[in-house]
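Structure data follow from protein.pdb (PDB, C-alpha atoms):
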```pdb
ATOM      1  CA  MET A 259     252.342 -28.424  23.607  1.00  0.00           C
ATOM      2  CA  ALA A 260     252.221 -29.964  27.071  1.00  0.00           C
ATOM      3  CA  SER A 261     249.763 -27.321  28.320  1.00  0.00           C
ATOM      4  CA  VAL A 262     247.253 -27.989  25.526  1.00  0.00           C
ATOM      5  CA  LYS A 263     244.589 -30.600  26.153  1.00  0.00           C
ATOM      6  CA  GLY A 264     243.559 -32.918  23.341  1.00  0.00           C
ATOM      7  CA  LYS A 265     245.319 -34.638  20.483  1.00  0.00           C
ATOM      8  CA  GLY A 266     243.786 -32.774  17.546  1.00  0.00           C
ATOM      9  CA  THR A 267     241.498 -35.643  16.548  1.00  0.00           C
ATOM     10  CA  LYS A 268     237.712 -35.645  16.325  1.00  0.00           C
ATOM     11  CA  GLU A 269     237.590 -37.908  19.385  1.00  0.00           C
ATOM     12  CA  SER A 270     240.115 -35.783  21.311  1.00  0.00           C
ATOM     13  CA  PRO A 271     240.105 -32.232  19.898  1.00  0.00           C
ATOM     14  CA  TRP A 272     242.543 -29.581  21.012  1.00  0.00           C
ATOM     15  CA  GLN A 273     241.037 -27.426  23.769  1.00  0.00           C
ATOM     16  CA  LEU A 274     242.113 -23.892  22.867  1.00  0.00           C
ATOM     17  CA  THR A 275     241.368 -20.280  23.702  1.00  0.00           C
ATOM     18  CA  THR A 276     241.390 -17.276  21.420  1.00  0.00           C
ATOM     19  CA  PRO A 277     244.527 -15.101  21.648  1.00  0.00           C
ATOM     20  CA  PRO A 278     242.907 -12.568  24.025  1.00  0.00           C
ATOM     21  CA  GLY A 279     241.772 -15.489  26.199  1.00  0.00           C
ATOM     22  CA  THR A 280     238.126 -14.450  25.981  1.00  0.00           C
ATOM     23  CA  SER A 281     236.657 -17.554  24.322  1.00  0.00           C
ATOM     24  CA  ALA A 282     237.317 -21.271  24.522  1.00  0.00           C
ATOM     25  CA  TYR A 283     236.957 -23.479  21.449  1.00  0.00           C
ATOM     26  CA  GLU A 284     237.936 -26.863  20.078  1.00  0.00           C
ATOM     27  CA  ALA A 285     239.845 -27.756  16.922  1.00  0.00           C
ATOM     28  CA  HIS A 286     240.809 -30.957  15.175  1.00  0.00           C
ATOM     29  CA  ARG A 287     242.147 -32.276  11.908  1.00  0.00           C
ATOM     30  CA  ASP A 288     239.763 -33.969   9.488  1.00  0.00           C
ATOM     31  CA  GLU A 289     241.856 -35.505   6.736  1.00  0.00           C
ATOM     32  CA  ALA A 290     238.946 -37.562   5.368  1.00  0.00           C
ATOM     33  CA  THR A 291     237.115 -34.557   3.892  1.00  0.00           C
ATOM     34  CA  ASP A 292     237.715 -33.023   0.486  1.00  0.00           C
ATOM     35  CA  PRO A 293     239.581 -30.808   0.925  1.00  0.00           C
ATOM     36  CA  PRO A 294     241.173 -31.969   4.194  1.00  0.00           C
ATOM     37  CA  ALA A 295     240.079 -29.554   6.904  1.00  0.00           C
ATOM     38  CA  LEU A 296     241.019 -27.954  10.166  1.00  0.00           C
ATOM     39  CA  VAL A 297     237.663 -28.044  11.968  1.00  0.00           C
ATOM     40  CA  VAL A 298     237.022 -25.341  14.559  1.00  0.00           C
ATOM     41  CA  GLN A 299     234.027 -25.663  16.901  1.00  0.00           C
ATOM     42  CA  VAL A 300     233.035 -22.434  18.652  1.00  0.00           C
ATOM     43  CA  GLY A 301     229.895 -23.085  20.663  1.00  0.00           C
ATOM     44  CA  LYS A 302     227.360 -24.332  18.115  1.00  0.00           C
ATOM     45  CA  THR A 303     229.213 -22.774  15.165  1.00  0.00           C
ATOM     46  CA  GLN A 304     231.583 -24.903  13.119  1.00  0.00           C
ATOM     47  CA  LEU A 305     234.186 -23.283  10.909  1.00  0.00           C
ATOM     48  CA  ARG A 306     236.395 -25.183   8.482  1.00  0.00           C
ATOM     49  CA  TYR A 307     239.712 -24.090   7.062  1.00  0.00           C
ATOM     50  CA  HIS A 308     241.955 -25.873   4.583  1.00  0.00           C
ATOM     51  CA  LEU A 309     244.154 -28.171   6.690  1.00  0.00           C
ATOM     52  CA  ARG A 310     247.188 -27.060   4.717  1.00  0.00           C
ATOM     53  CA  ALA A 311     246.745 -23.631   6.363  1.00  0.00           C
ATOM     54  CA  ILE A 312     248.849 -24.883   9.283  1.00  0.00           C
ATOM     55  CA  ASP A 313     251.934 -25.545   7.148  1.00  0.00           C
ATOM     56  CA  ASP A 314     251.300 -22.657   4.755  1.00  0.00           C
ATOM     57  CA  LEU A 315     250.917 -20.117   7.564  1.00  0.00           C
ATOM     58  CA  GLN A 316     254.075 -21.295   9.295  1.00  0.00           C
ATOM     59  CA  ALA A 317     256.025 -21.093   6.011  1.00  0.00           C
ATOM     60  CA  MET A 318     254.738 -17.565   5.357  1.00  0.00           C
ATOM     61  CA  LEU A 319     255.631 -16.453   8.891  1.00  0.00           C
ATOM     62  CA  LYS A 320     259.153 -17.872   8.549  1.00  0.00           C
ATOM     63  CA  LYS A 321     259.592 -15.968   5.301  1.00  0.00           C
ATOM     64  CA  HIS A 322     258.119 -12.822   6.920  1.00  0.00           C
ATOM     65  CA  GLY A 323     260.702 -13.198   9.698  1.00  0.00           C
ATOM     66  CA  ASP A 324     259.098 -10.958  12.315  1.00  0.00           C
ATOM     67  CA  TRP A 325     255.946 -10.450  14.330  1.00  0.00           C
ATOM     68  CA  MET A 326     252.769 -10.087  12.246  1.00  0.00           C
ATOM     69  CA  PRO A 327     249.445  -8.667  13.509  1.00  0.00           C
ATOM     70  CA  LEU A 328     246.576 -11.185  13.597  1.00  0.00           C
ATOM     71  CA  GLY A 329     243.853  -8.773  12.452  1.00  0.00           C
ATOM     72  CA  SER A 330     240.902 -11.110  12.879  1.00  0.00           C
ATOM     73  CA  ALA A 331     237.698 -10.111  11.064  1.00  0.00           C
ATOM     74  CA  ASP A 332     234.398 -11.660  10.013  1.00  0.00           C
ATOM     75  CA  GLU A 333     234.095 -12.619   6.360  1.00  0.00           C
ATOM     76  CA  GLN A 334     231.808  -9.656   5.636  1.00  0.00           C
ATOM     77  CA  LYS A 335     234.387  -7.143   6.925  1.00  0.00           C
ATOM     78  CA  ALA A 336     237.590  -6.120   5.184  1.00  0.00           C
ATOM     79  CA  ALA A 337     240.803  -7.410   6.716  1.00  0.00           C
ATOM     80  CA  ALA A 338     243.533  -4.910   7.561  1.00  0.00           C
ATOM     81  CA  GLU A 339     246.485  -5.091   5.170  1.00  0.00           C
ATOM     82  CA  GLY A 340     249.614  -6.801   6.449  1.00  0.00           C
ATOM     83  CA  THR A 341     247.746  -9.067   8.878  1.00  0.00           C
ATOM     84  CA  VAL A 342     247.427 -12.838   9.177  1.00  0.00           C
ATOM     85  CA  GLU A 343     243.711 -12.411   8.400  1.00  0.00           C
ATOM     86  CA  ALA A 344     244.445 -10.535   5.161  1.00  0.00           C
ATOM     87  CA  TRP A 345     246.948 -13.199   4.108  1.00  0.00           C
ATOM     88  CA  GLY A 346     244.345 -15.905   4.817  1.00  0.00           C
ATOM     89  CA  ARG A 347     242.081 -14.304   2.176  1.00  0.00           C
ATOM     90  CA  SER A 348     244.667 -13.127  -0.337  1.00  0.00           C
ATOM     91  CA  GLU A 349     244.853 -14.196  -3.969  1.00  0.00           C
ATOM     92  CA  LYS A 350     248.637 -14.296  -3.357  1.00  0.00           C
ATOM     93  CA  ASN A 351     248.568 -17.094  -0.743  1.00  0.00           C
ATOM     94  CA  PRO A 352     249.135 -20.745  -1.758  1.00  0.00           C
ATOM     95  CA  VAL A 353     245.394 -21.533  -2.140  1.00  0.00           C
ATOM     96  CA  LYS A 354     244.854 -18.311  -4.153  1.00  0.00           C
ATOM     97  CA  GLY A 355     242.133 -16.978  -1.871  1.00  0.00           C
ATOM     98  CA  TRP A 356     240.197 -17.926   1.239  1.00  0.00           C
ATOM     99  CA  TYR A 357     241.509 -20.643   3.546  1.00  0.00           C
ATOM    100  CA  GLY A 358     238.015 -20.728   5.024  1.00  0.00           C
ATOM    101  CA  ILE A 359     235.966 -23.390   3.237  1.00  0.00           C
ATOM    102  CA  LYS A 360     232.293 -22.584   3.898  1.00  0.00           C
ATOM    103  CA  LYS A 361     230.993 -19.309   2.447  1.00  0.00           C
ATOM    104  CA  GLY A 362     229.628 -17.118   5.209  1.00  0.00           C
ATOM    105  CA  LEU A 363     232.007 -18.710   7.755  1.00  0.00           C
ATOM    106  CA  ARG A 364     235.363 -18.135   6.031  1.00  0.00           C
ATOM    107  CA  GLY A 365     236.575 -15.285   8.230  1.00  0.00           C
ATOM    108  CA  ARG A 366     238.188 -15.216  11.670  1.00  0.00           C
ATOM    109  CA  PHE A 367     241.252 -17.027  10.299  1.00  0.00           C
ATOM    110  CA  GLY A 368     243.424 -14.701  12.416  1.00  0.00           C
ATOM    111  CA  MET A 369     241.492 -15.626  15.557  1.00  0.00           C
ATOM    112  CA  TYR A 370     241.240 -19.407  15.388  1.00  0.00           C
ATOM    113  CA  VAL A 371     244.210 -20.695  13.366  1.00  0.00           C
ATOM    114  CA  PRO A 372     247.130 -19.026  15.229  1.00  0.00           C
ATOM    115  CA  PRO A 373     246.422 -20.840  18.537  1.00  0.00           C
ATOM    116  CA  VAL A 374     246.607 -24.146  16.627  1.00  0.00           C
ATOM    117  CA  LEU A 375     250.115 -23.294  15.425  1.00  0.00           C
ATOM    118  CA  GLU A 376     251.018 -22.273  18.955  1.00  0.00           C
ATOM    119  CA  ALA A 377     249.683 -25.583  20.340  1.00  0.00           C
ATOM    120  CA  LEU A 378     251.789 -27.480  17.797  1.00  0.00           C
ATOM    121  CA  GLY A 379     254.902 -25.534  18.797  1.00  0.00           C
ATOM    122  CA  LEU A 380     255.164 -23.910  15.353  1.00  0.00           C
ATOM    123  CA  ALA A 381     254.586 -20.287  16.369  1.00  0.00           C
ATOM    124  CA  GLU A 382     254.462 -17.815  19.219  1.00  0.00           C
ATOM    125  CA  VAL A 383     251.211 -15.905  19.732  1.00  0.00           C
ATOM    126  CA  GLU A 384     250.685 -12.871  21.935  1.00  0.00           C
ATOM    127  CA  HIS A 385     247.812 -12.957  24.434  1.00  0.00           C
ATOM    128  CA  ASN A 386     246.906  -9.315  25.026  1.00  0.00           C
ATOM    129  CA  ALA A 387     243.369  -7.909  25.274  1.00  0.00           C
ATOM    130  CA  LYS A 388     243.639  -6.788  21.615  1.00  0.00           C
ATOM    131  CA  ASN A 389     246.101  -6.148  18.778  1.00  0.00           C
ATOM    132  CA  ASN A 390     247.824  -9.515  19.144  1.00  0.00           C
ATOM    133  CA  ARG A 391     250.612 -10.692  16.881  1.00  0.00           C
ATOM    134  CA  MET A 392     252.329 -13.956  16.000  1.00  0.00           C
ATOM    135  CA  ARG A 393     255.637 -15.166  14.606  1.00  0.00           C
ATOM    136  CA  ALA A 394     257.095 -18.489  13.530  1.00  0.00           C
ATOM    137  CA  LYS A 395     259.304 -20.451  15.893  1.00  0.00           C
TER     138      LYS A 395
END
```
Translate this file's structure into structure tokens.
Amino acid sequence: MASVKGKGTKESPWQLTTPPGTSAYEAHRDEATDPPALVVQVGKTQLRYHLRAIDDLQAMLKKHGDWMPLGSADEQKAAAEGTVEAWGRSEKNPVKGWYGIKKGLRGRFGMYVPPVLEALGLAEVEHNAKNNRMRAK
């Protein structure tokens, strides 16, 4: 985590880039909200995911045991089966559906959450131009 700037707080958010390295964004924990949230700021757009997504995603990846495609997609588009994005929307995940909190901005789980796990030292994420994957450490 030494190469990541920020502490993951509102005052000092993590300074991250998407897996392909094409966009910079900030993320921080907000435990005071209901439900507690992982807040992602991309330009003027703010996305919120259940904070428990960090631990839940790592646990799922450990159980999966191998690389998993990220498969990022907007909420309005279907997520490819077998991807981190599809799992982040699945009725079979621990929250029984979307990890994204605000309707209309619930997608892109596979784009913005994996770099947080990487920054925390919980996962490895590929950084290719497209078709990136991740796995638990």
### Gap from CA of Thr267 in chain A to CA of Val298 in chain A - Å, one decimal
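These atoms are spaced 11.4 Å apart.
In this structure, CA of Ser330 in chain A sits 18.3 Å away from CA of Lys350 in chain A.
By chain and then residue number, the residues within 8 Å of range 352-361 of chain A are Leu305, Arg306, Tyr307, His308, Ala311, Asp314, Gly346, Arg347, Ser348, Gly365 and Phe367 of chain A, counting only C-alpha atoms and disregarding those fewer than 4 positions away in sequence.
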### Query
For the atom pair CA of Arg393 in chain A and CA of Ser270 in chain A, what is the interatomic distance in Å to one decimal place?
26.7 Å
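Listed by chain and then by number, the residues chosen by the PyMOL selection byres ((chain A and resi 315) around 9) in this file are Arg310, Ala311, Ile312, Asp313, Asp314, Gln316, Ala317, Met318, Leu319, Lys320, Val342, Trp345, Gly346, Val371, Pro372, Leu375 and Ala394 of chain A.
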### Query
Do you know which residues are at most 8 Å from Gln273 in chain A counting all atoms listed in the file, after dropping those on the same chain fewer than 6 positions away, and could you put them as a PyMOL selection string?
chain A and resi 262-264+282-285
### Message
I'd like to know which of A:Gly301, A:Gly323, A:Gly368, A:Gly362 is closest to Pro277 in chain A, using all atoms listed in the file.
### Response
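Smallest distance to Pro277 in chain A is found for A:Gly368.
Evaluating the PyMOL selection byres ((chain A and resi 392) around 6) against the shown model yields A:Trp325, A:Met326, A:Glu382, A:Val383, A:Arg391, A:Arg393.
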Could you save the residues just selected, with C-alpha atoms, as a PDB file, in the coordinates of the input?
```pdb
ATOM      1  CA  TRP A 325     255.946 -10.450  14.330  1.00  0.00           C
ATOM      2  CA  MET A 326     252.769 -10.087  12.246  1.00  0.00           C
ATOM      3  CA  GLU A 382     254.462 -17.815  19.219  1.00  0.00           C
ATOM      4  CA  VAL A 383     251.211 -15.905  19.732  1.00  0.00           C
ATOM      5  CA  ARG A 391     250.612 -10.692  16.881  1.00  0.00           C
ATOM      6  CA  ARG A 393     255.637 -15.166  14.606  1.00  0.00           C
TER       7      ARG A 393
END
```
#### Entry: Which residue of A:Leu363, A:Lys395, A:Tyr370, A:Asn386 approaches Leu296 in chain A most closely, using all atoms listed in the file
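Among the listed residues, the smallest separation from Leu296 in chain A belongs to A:Tyr370.
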### Message
If the PyMOL selection byres ((chain A and resi 333) around 6) were run on this exact file, what residues would it hold? Put them as a list in words.
### Response
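Expected selection for the PyMOL selection byres ((chain A and resi 333) around 6) here is Asp332, Gln334, Lys335, Arg364 and Gly365 of chain A.
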Please give the centre and size of the box around range 269-282 of chain A (axis-aligned, containing every atom listed in the file, 6 Å added per side), with values in Å to one decimal and written as JSON.
```
{"center_x": 240.6, "center_y": -25.2, "center_z": 22.8, "size_x": 19.9, "size_y": 37.3, "size_z": 18.8}
```
### Task
Measuring atom to atom with all atoms listed in the file, identify which of A:Ala337, A:Lys321, A:Glu289, A:Pro294 is nearest to Arg366 in chain A.
A:Ala337
